[in-house]
Amino acid sequence: DWSSDVCSSDLKITRQNKKQSNEVDSSFSLKKVIPITDTQKDVIDAFNEDLNLVLIGSAGTGKTFLSIYLALKSLMTNKNGPNKIVIIRSIVSTRDVGFLPGTLKEKIAVYEEPYKAIFSELYGRGDAYEILEKKGLVEFCSTSYLRGTTINDAIVILDEFQNCNFAEIDTVISRLGKNSKFIACGDIMQTDLIKNKWDVTGLPDFINIVDTIDSFDIIEFTTEDIVRSGLVKSYILAKNDYFDKNKNRVDTLNY
């Protein structure tokens with residue numbers, strides 16, 4: 001789906017964290033990702049213009065993958081920019097994650113798995129996420145434990161933000177401190193917020209607000225941008241066509 005090759009040595013992780021060295025062995029090289037749709041290219045252009053991004057639209061279009069790639073590349077090439085990535089998600093379907101076994105850290109770890117897979121693909125090694133986490137270059141947290149904190153010198157990725165109510169989105173963006181950058185990724189058609197109609201308005205309300213701010217760029221992906229697989233694209237096109245013809249079914253299903 002993505003065209004990629006191994007980057008040259010100047011993209012290896014050699015940055016110095018304020019507290020510790022982040023040097024990693026020479027085999028730890030980020031793959032180069034080349035956009036294959038116009039929308040993906042728009043994301044890269046907007047990121048390079050130092051804009052905060054809101055990426056919305058169809059599943060399978062690479063919104064999260066591309067966001068993480070751009071964040072990692074920025075960390076390794078921009079000496080004066082942010083020095084870590086903070087990935088944030090709302091813990092859904094139960095916000096108190098009470099049904100999962102183990103400690104809070106173990107419960108939240110379940111939601112880290114997709115990002116570990118992305119890091120593994122981008123670096124071609126299965127331990128990439130764990131290494132960067134230990135060196136303080138990447139953090140993962142829930143929207144539930146952010147109040148009172150300030151996130152400085154970070155690229156903050158709010159993922160699956162269609163599952164955040166407005167209060168959660170508002171909390172995340174109001175945590176951003178000096179030298180931080182914001183990316184939100186989501187697909188309103190995949191929301192898990194079905195119990196409270198007020199919750200569901202969180203994403204569109206947020207989009208309408210940031211649409212008035214010059215430092216934000218809202219980029220919408222369509223089914224034409226689906227790169228995950230031909231099967232996913234065929235399915236989503238068929239699903240959309242089905243619900244267009246059966247509009248009365250939409251309110252009864254969780255999409």
# chains A, B, ... in the order shown; residues from 1 in each chain; ligands from 1
call {"tool": "residues_around", "arguments": {"residues": "A:Gly57", "least_positions_apart": "3", "cutoff": "9 Å", "atoms": "only C-alpha atoms", "output": "ChimeraX atom specification"}}
result
/A:61,63,185-189,219-223
call {"tool": "residues_around", "arguments": {"residues": "A:Tyr123", "least_positions_apart": "3", "cutoff": "8 Å", "atoms": "only C-alpha atoms", "output": "list of chain:residue names"}}
result
A:Phe28, A:Ser29, A:Leu30, A:Lys31, A:Phe119, A:Ser120, A:Ala128
call {"tool": "closest_residue", "arguments": {"among": "A:Phe166, A:Ile157, A:Lys105, A:Glu121", "to": "A:Tyr145", "atoms": "only C-alpha atoms"}}
result
A:Lys105
call {"tool": "residues_around", "arguments": {"residues": "A:Ile91", "least_positions_apart": "5", "cutoff": "10 Å", "atoms": "only C-alpha atoms", "output": "list in words"}}
result
Asp96, Val97, Lys107, Ile108, Val110, Tyr111, Cys141, Ser142, Thr143, Ser144, Glu160, Asn163 and Cys164 of chain A
call {"tool": "write_last_selection", "arguments": {"atoms": "N, CA, C and O atoms", "output": "mmCIF file, in the first residue's frame"}}
result
data_model
loop_
_atom_site.group_PDB
_atom_site.id
_atom_site.type_symbol
_atom_site.label_atom_id
_atom_site.label_comp_id
_atom_site.auth_asym_id
_atom_site.auth_seq_id
_atom_site.Cartn_x
_atom_site.Cartn_y
_atom_site.Cartn_z
ATOM 1 N N ASP A 96 -13.768 3.760 31.975
ATOM 2 C CA ASP A 96 -12.980 3.459 33.176
ATOM 3 C C ASP A 96 -12.169 2.177 33.014
ATOM 4 O O ASP A 96 -11.510 1.734 33.937
ATOM 5 N N VAL A 97 -12.176 1.571 31.842
ATOM 6 C CA VAL A 97 -11.468 0.333 31.491
ATOM 7 C C VAL A 97 -11.548 -0.709 32.605
ATOM 8 O O VAL A 97 -10.608 -1.460 32.820
ATOM 9 N N LYS A 107 -4.043 -2.426 31.526
ATOM 10 C CA LYS A 107 -5.298 -2.214 30.806
ATOM 11 C C LYS A 107 -5.093 -1.290 29.612
ATOM 12 O O LYS A 107 -5.560 -1.554 28.507
ATOM 13 N N ILE A 108 -4.383 -0.201 29.854
ATOM 14 C CA ILE A 108 -4.157 0.774 28.787
ATOM 15 C C ILE A 108 -3.254 0.201 27.702
ATOM 16 O O ILE A 108 -3.379 0.553 26.527
ATOM 17 N N VAL A 110 -3.312 -2.475 26.189
ATOM 18 C CA VAL A 110 -4.074 -3.124 25.114
ATOM 19 C C VAL A 110 -4.252 -2.164 23.935
ATOM 20 O O VAL A 110 -4.200 -2.566 22.767
ATOM 21 N N TYR A 111 -4.423 -0.887 24.243
ATOM 22 C CA TYR A 111 -4.693 0.107 23.209
ATOM 23 C C TYR A 111 -3.419 0.607 22.531
ATOM 24 O O TYR A 111 -3.473 1.357 21.554
ATOM 25 N N CYS A 141 -0.866 7.624 26.354
ATOM 26 C CA CYS A 141 -1.710 7.850 27.527
ATOM 27 C C CYS A 141 -3.167 7.980 27.115
ATOM 28 O O CYS A 141 -3.502 8.132 25.930
ATOM 29 N N SER A 142 -4.029 7.918 28.100
ATOM 30 C CA SER A 142 -5.466 8.045 27.904
ATOM 31 C C SER A 142 -5.911 9.478 28.166
ATOM 32 O O SER A 142 -5.283 10.208 28.939
ATOM 33 N N THR A 143 -7.009 9.869 27.553
ATOM 34 C CA THR A 143 -7.578 11.192 27.800
ATOM 35 C C THR A 143 -8.028 11.353 29.247
ATOM 36 O O THR A 143 -8.217 12.480 29.720
ATOM 37 N N SER A 144 -8.181 10.246 29.948
ATOM 38 C CA SER A 144 -8.711 10.294 31.314
ATOM 39 C C SER A 144 -7.727 10.839 32.343
ATOM 40 O O SER A 144 -8.122 11.178 33.457
ATOM 41 N N GLU A 160 -8.052 8.211 16.832
ATOM 42 C CA GLU A 160 -9.425 7.722 16.971
ATOM 43 C C GLU A 160 -10.277 8.752 17.709
ATOM 44 O O GLU A 160 -11.065 8.411 18.594
ATOM 45 N N ASN A 163 -14.007 8.923 18.948
ATOM 46 C CA ASN A 163 -14.461 8.295 20.184
ATOM 47 C C ASN A 163 -14.252 9.182 21.401
ATOM 48 O O ASN A 163 -14.370 8.724 22.539
ATOM 49 N N CYS A 164 -13.936 10.446 21.156
ATOM 50 C CA CYS A 164 -13.809 11.421 22.244
ATOM 51 C C CYS A 164 -15.034 12.332 22.257
ATOM 52 O O CYS A 164 -15.486 12.777 21.197
#
call {"tool": "select_by_dssp", "arguments": {"residues": "stretch 142-175 of chain A", "states": "alpha helix (DSSP H)", "output": "ChimeraX atom specification"}}
result
/A:166-173
call {"tool": "write_last_selection", "arguments": {"atoms": "N, CA and C atoms", "output": "mmCIF file, in the first residue's frame"}}
result
data_model
loop_
_atom_site.group_PDB
_atom_site.id
_atom_site.type_symbol
_atom_site.label_atom_id
_atom_site.label_comp_id
_atom_site.auth_asym_id
_atom_site.auth_seq_id
_atom_site.Cartn_x
_atom_site.Cartn_y
_atom_site.Cartn_z
ATOM 1 N N PHE A 166 -16.590 16.095 23.443
ATOM 2 C CA PHE A 166 -15.948 17.400 23.299
ATOM 3 C C PHE A 166 -15.051 17.729 24.490
ATOM 4 N N ALA A 167 -15.477 17.338 25.685
ATOM 5 C CA ALA A 167 -14.679 17.633 26.877
ATOM 6 C C ALA A 167 -13.301 16.980 26.795
ATOM 7 N N GLU A 168 -13.249 15.773 26.269
ATOM 8 C CA GLU A 168 -11.963 15.078 26.131
ATOM 9 C C GLU A 168 -11.071 15.769 25.105
ATOM 10 N N ILE A 169 -11.633 16.103 23.953
ATOM 11 C CA ILE A 169 -10.848 16.788 22.922
ATOM 12 C C ILE A 169 -10.355 18.125 23.441
ATOM 13 N N ASP A 170 -11.231 18.838 24.127
ATOM 14 C CA ASP A 170 -10.893 20.139 24.687
ATOM 15 C C ASP A 170 -9.766 20.009 25.715
ATOM 16 N N THR A 171 -9.823 18.965 26.530
ATOM 17 C CA THR A 171 -8.782 18.731 27.528
ATOM 18 C C THR A 171 -7.432 18.492 26.864
ATOM 19 N N VAL A 172 -7.423 17.651 25.819
ATOM 20 C CA VAL A 172 -6.162 17.322 25.151
ATOM 21 C C VAL A 172 -5.512 18.564 24.563
ATOM 22 N N ILE A 173 -6.275 19.304 23.771
ATOM 23 C CA ILE A 173 -5.657 20.436 23.070
ATOM 24 C C ILE A 173 -5.269 21.553 24.033
#
call {"tool": "select_by_dssp", "arguments": {"residues": "stretch 68-243 of chain A", "states": "strand (DSSP E)", "output": "list in words"}}
result
Lys84, Ile85, Val86, Ile87, Ile88, Arg89, Val138, Glu139, Phe140, Cys141, Ser142, Ala154, Ile155, Val156, Ile157, Leu158, Lys181, Phe182, Ile183, Ala184, Cys185, Gly186, Phe216, Asp217, Ile218, Ile219, Glu220 and Phe221 of chain A
call {"tool": "write_last_selection", "arguments": {"atoms": "N, CA and C atoms", "output": "PDB file, in the first residue's frame"}}
result
ATOM      1  N   LYS A  84       9.709  14.656  21.440  1.00  0.00           N
ATOM      2  CA  LYS A  84       9.022  13.402  21.735  1.00  0.00           C
ATOM      3  C   LYS A  84       7.653  13.379  21.057  1.00  0.00           C
ATOM      4  N   ILE A  85       7.098  12.176  20.974  1.00  0.00           N
ATOM      5  CA  ILE A  85       5.749  11.970  20.435  1.00  0.00           C
ATOM      6  C   ILE A  85       4.860  11.494  21.578  1.00  0.00           C
ATOM      7  N   VAL A  86       3.704  12.108  21.713  1.00  0.00           N
ATOM      8  CA  VAL A  86       2.727  11.675  22.705  1.00  0.00           C
ATOM      9  C   VAL A  86       1.469  11.228  21.969  1.00  0.00           C
ATOM     10  N   ILE A  87       1.162   9.949  22.055  1.00  0.00           N
ATOM     11  CA  ILE A  87      -0.037   9.389  21.418  1.00  0.00           C
ATOM     12  C   ILE A  87      -1.127   9.283  22.474  1.00  0.00           C
ATOM     13  N   ILE A  88      -2.289   9.848  22.176  1.00  0.00           N
ATOM     14  CA  ILE A  88      -3.388   9.891  23.150  1.00  0.00           C
ATOM     15  C   ILE A  88      -4.637   9.274  22.538  1.00  0.00           C
ATOM     16  N   ARG A  89      -5.330   8.479  23.340  1.00  0.00           N
ATOM     17  CA  ARG A  89      -6.616   7.895  22.916  1.00  0.00           C
ATOM     18  C   ARG A  89      -7.607   7.917  24.062  1.00  0.00           C
ATOM     19  N   VAL A 138       8.749   8.415  22.872  1.00  0.00           N
ATOM     20  CA  VAL A 138       7.329   8.194  22.619  1.00  0.00           C
ATOM     21  C   VAL A 138       6.626   7.855  23.930  1.00  0.00           C
ATOM     22  N   GLU A 139       5.437   8.412  24.092  1.00  0.00           N
ATOM     23  CA  GLU A 139       4.599   8.125  25.259  1.00  0.00           C
ATOM     24  C   GLU A 139       3.188   7.816  24.772  1.00  0.00           C
ATOM     25  N   PHE A 140       2.494   7.014  25.546  1.00  0.00           N
ATOM     26  CA  PHE A 140       1.092   6.710  25.250  1.00  0.00           C
ATOM     27  C   PHE A 140       0.270   6.951  26.503  1.00  0.00           C
ATOM     28  N   CYS A 141      -0.866   7.624  26.354  1.00  0.00           N
ATOM     29  CA  CYS A 141      -1.710   7.850  27.527  1.00  0.00           C
ATOM     30  C   CYS A 141      -3.167   7.980  27.115  1.00  0.00           C
ATOM     31  N   SER A 142      -4.029   7.918  28.100  1.00  0.00           N
ATOM     32  CA  SER A 142      -5.466   8.045  27.904  1.00  0.00           C
ATOM     33  C   SER A 142      -5.911   9.478  28.166  1.00  0.00           C
ATOM     34  N   ALA A 154       6.512  18.557  22.242  1.00  0.00           N
ATOM     35  CA  ALA A 154       5.988  17.262  21.797  1.00  0.00           C
ATOM     36  C   ALA A 154       5.105  17.407  20.564  1.00  0.00           C
ATOM     37  N   ILE A 155       5.094  16.353  19.774  1.00  0.00           N
ATOM     38  CA  ILE A 155       4.082  16.213  18.735  1.00  0.00           C
ATOM     39  C   ILE A 155       3.002  15.319  19.320  1.00  0.00           C
ATOM     40  N   VAL A 156       1.842  15.891  19.534  1.00  0.00           N
ATOM     41  CA  VAL A 156       0.737  15.182  20.176  1.00  0.00           C
ATOM     42  C   VAL A 156      -0.199  14.644  19.100  1.00  0.00           C
ATOM     43  N   ILE A 157      -0.397  13.330  19.096  1.00  0.00           N
ATOM     44  CA  ILE A 157      -1.302  12.688  18.142  1.00  0.00           C
ATOM     45  C   ILE A 157      -2.516  12.180  18.906  1.00  0.00           C
ATOM     46  N   LEU A 158      -3.649  12.813  18.701  1.00  0.00           N
ATOM     47  CA  LEU A 158      -4.911  12.347  19.288  1.00  0.00           C
ATOM     48  C   LEU A 158      -5.561  11.427  18.271  1.00  0.00           C
ATOM     49  N   LYS A 181       3.105  20.476  18.905  1.00  0.00           N
ATOM     50  CA  LYS A 181       2.336  20.436  17.669  1.00  0.00           C
ATOM     51  C   LYS A 181       1.235  19.392  17.816  1.00  0.00           C
ATOM     52  N   PHE A 182       0.110  19.607  17.135  1.00  0.00           N
ATOM     53  CA  PHE A 182      -1.079  18.778  17.357  1.00  0.00           C
ATOM     54  C   PHE A 182      -1.550  18.144  16.055  1.00  0.00           C
ATOM     55  N   ILE A 183      -1.832  16.830  16.122  1.00  0.00           N
ATOM     56  CA  ILE A 183      -2.445  16.107  15.004  1.00  0.00           C
ATOM     57  C   ILE A 183      -3.601  15.285  15.564  1.00  0.00           C
ATOM     58  N   ALA A 184      -4.771  15.409  14.959  1.00  0.00           N
ATOM     59  CA  ALA A 184      -5.918  14.589  15.347  1.00  0.00           C
ATOM     60  C   ALA A 184      -6.325  13.728  14.161  1.00  0.00           C
ATOM     61  N   CYS A 185      -6.625  12.463  14.435  1.00  0.00           N
ATOM     62  CA  CYS A 185      -7.028  11.528  13.384  1.00  0.00           C
ATOM     63  C   CYS A 185      -8.347  10.864  13.777  1.00  0.00           C
ATOM     64  N   GLY A 186      -9.278  10.761  12.836  1.00  0.00           N
ATOM     65  CA  GLY A 186     -10.528  10.111  13.167  1.00  0.00           C
ATOM     66  C   GLY A 186     -11.449   9.905  11.983  1.00  0.00           C
ATOM     67  N   PHE A 216      -4.349  25.807  11.869  1.00  0.00           N
ATOM     68  CA  PHE A 216      -4.881  24.468  11.649  1.00  0.00           C
ATOM     69  C   PHE A 216      -5.201  24.239  10.178  1.00  0.00           C
ATOM     70  N   ASP A 217      -5.009  22.998   9.754  1.00  0.00           N
ATOM     71  CA  ASP A 217      -5.460  22.575   8.429  1.00  0.00           C
ATOM     72  C   ASP A 217      -6.295  21.319   8.598  1.00  0.00           C
ATOM     73  N   ILE A 218      -7.512  21.352   8.108  1.00  0.00           N
ATOM     74  CA  ILE A 218      -8.406  20.196   8.173  1.00  0.00           C
ATOM     75  C   ILE A 218      -8.364  19.495   6.822  1.00  0.00           C
ATOM     76  N   ILE A 219      -7.963  18.239   6.827  1.00  0.00           N
ATOM     77  CA  ILE A 219      -7.811  17.483   5.588  1.00  0.00           C
ATOM     78  C   ILE A 219      -8.716  16.267   5.638  1.00  0.00           C
ATOM     79  N   GLU A 220      -9.554  16.140   4.635  1.00  0.00           N
ATOM     80  CA  GLU A 220     -10.539  15.058   4.605  1.00  0.00           C
ATOM     81  C   GLU A 220     -10.149  13.984   3.600  1.00  0.00           C
ATOM     82  N   PHE A 221     -10.133  12.744   4.075  1.00  0.00           N
ATOM     83  CA  PHE A 221      -9.851  11.589   3.233  1.00  0.00           C
ATOM     84  C   PHE A 221     -11.172  10.994   2.732  1.00  0.00           C
TER      85      PHE A 221
END
call {"tool": "residues_around", "arguments": {"residues": "A:Ile151", "least_positions_apart": "2", "cutoff": "9 Å", "atoms": "only C-alpha atoms", "output": "list in words"}}
result
Val86, Thr149, Asp153, Ala154, Val156, Arg175, Leu176, Gly177, Lys178 and Ser180 of chain A
call {"tool": "atom_distance", "arguments": {"atom1": "atom CA of A:Asn78", "atom2": "atom CA of A:Thr150"}}
result
21.7 Å
call {"tool": "closest_residue", "arguments": {"among": "A:Leu203, A:Ala117, A:Ile236, A:Val227", "to": "A:Glu130", "atoms": "only C-alpha atoms"}}
result
A:Ala117
call {"tool": "atom_distance", "arguments": {"atom1": "atom CA of A:Tyr69", "atom2": "atom CA of A:Asn208"}}
result
26.8 Å
call {"tool": "atom_distance", "arguments": {"atom1": "atom CA of A:Asp225", "atom2": "atom CA of A:Ser58"}}
result
7.9 Å
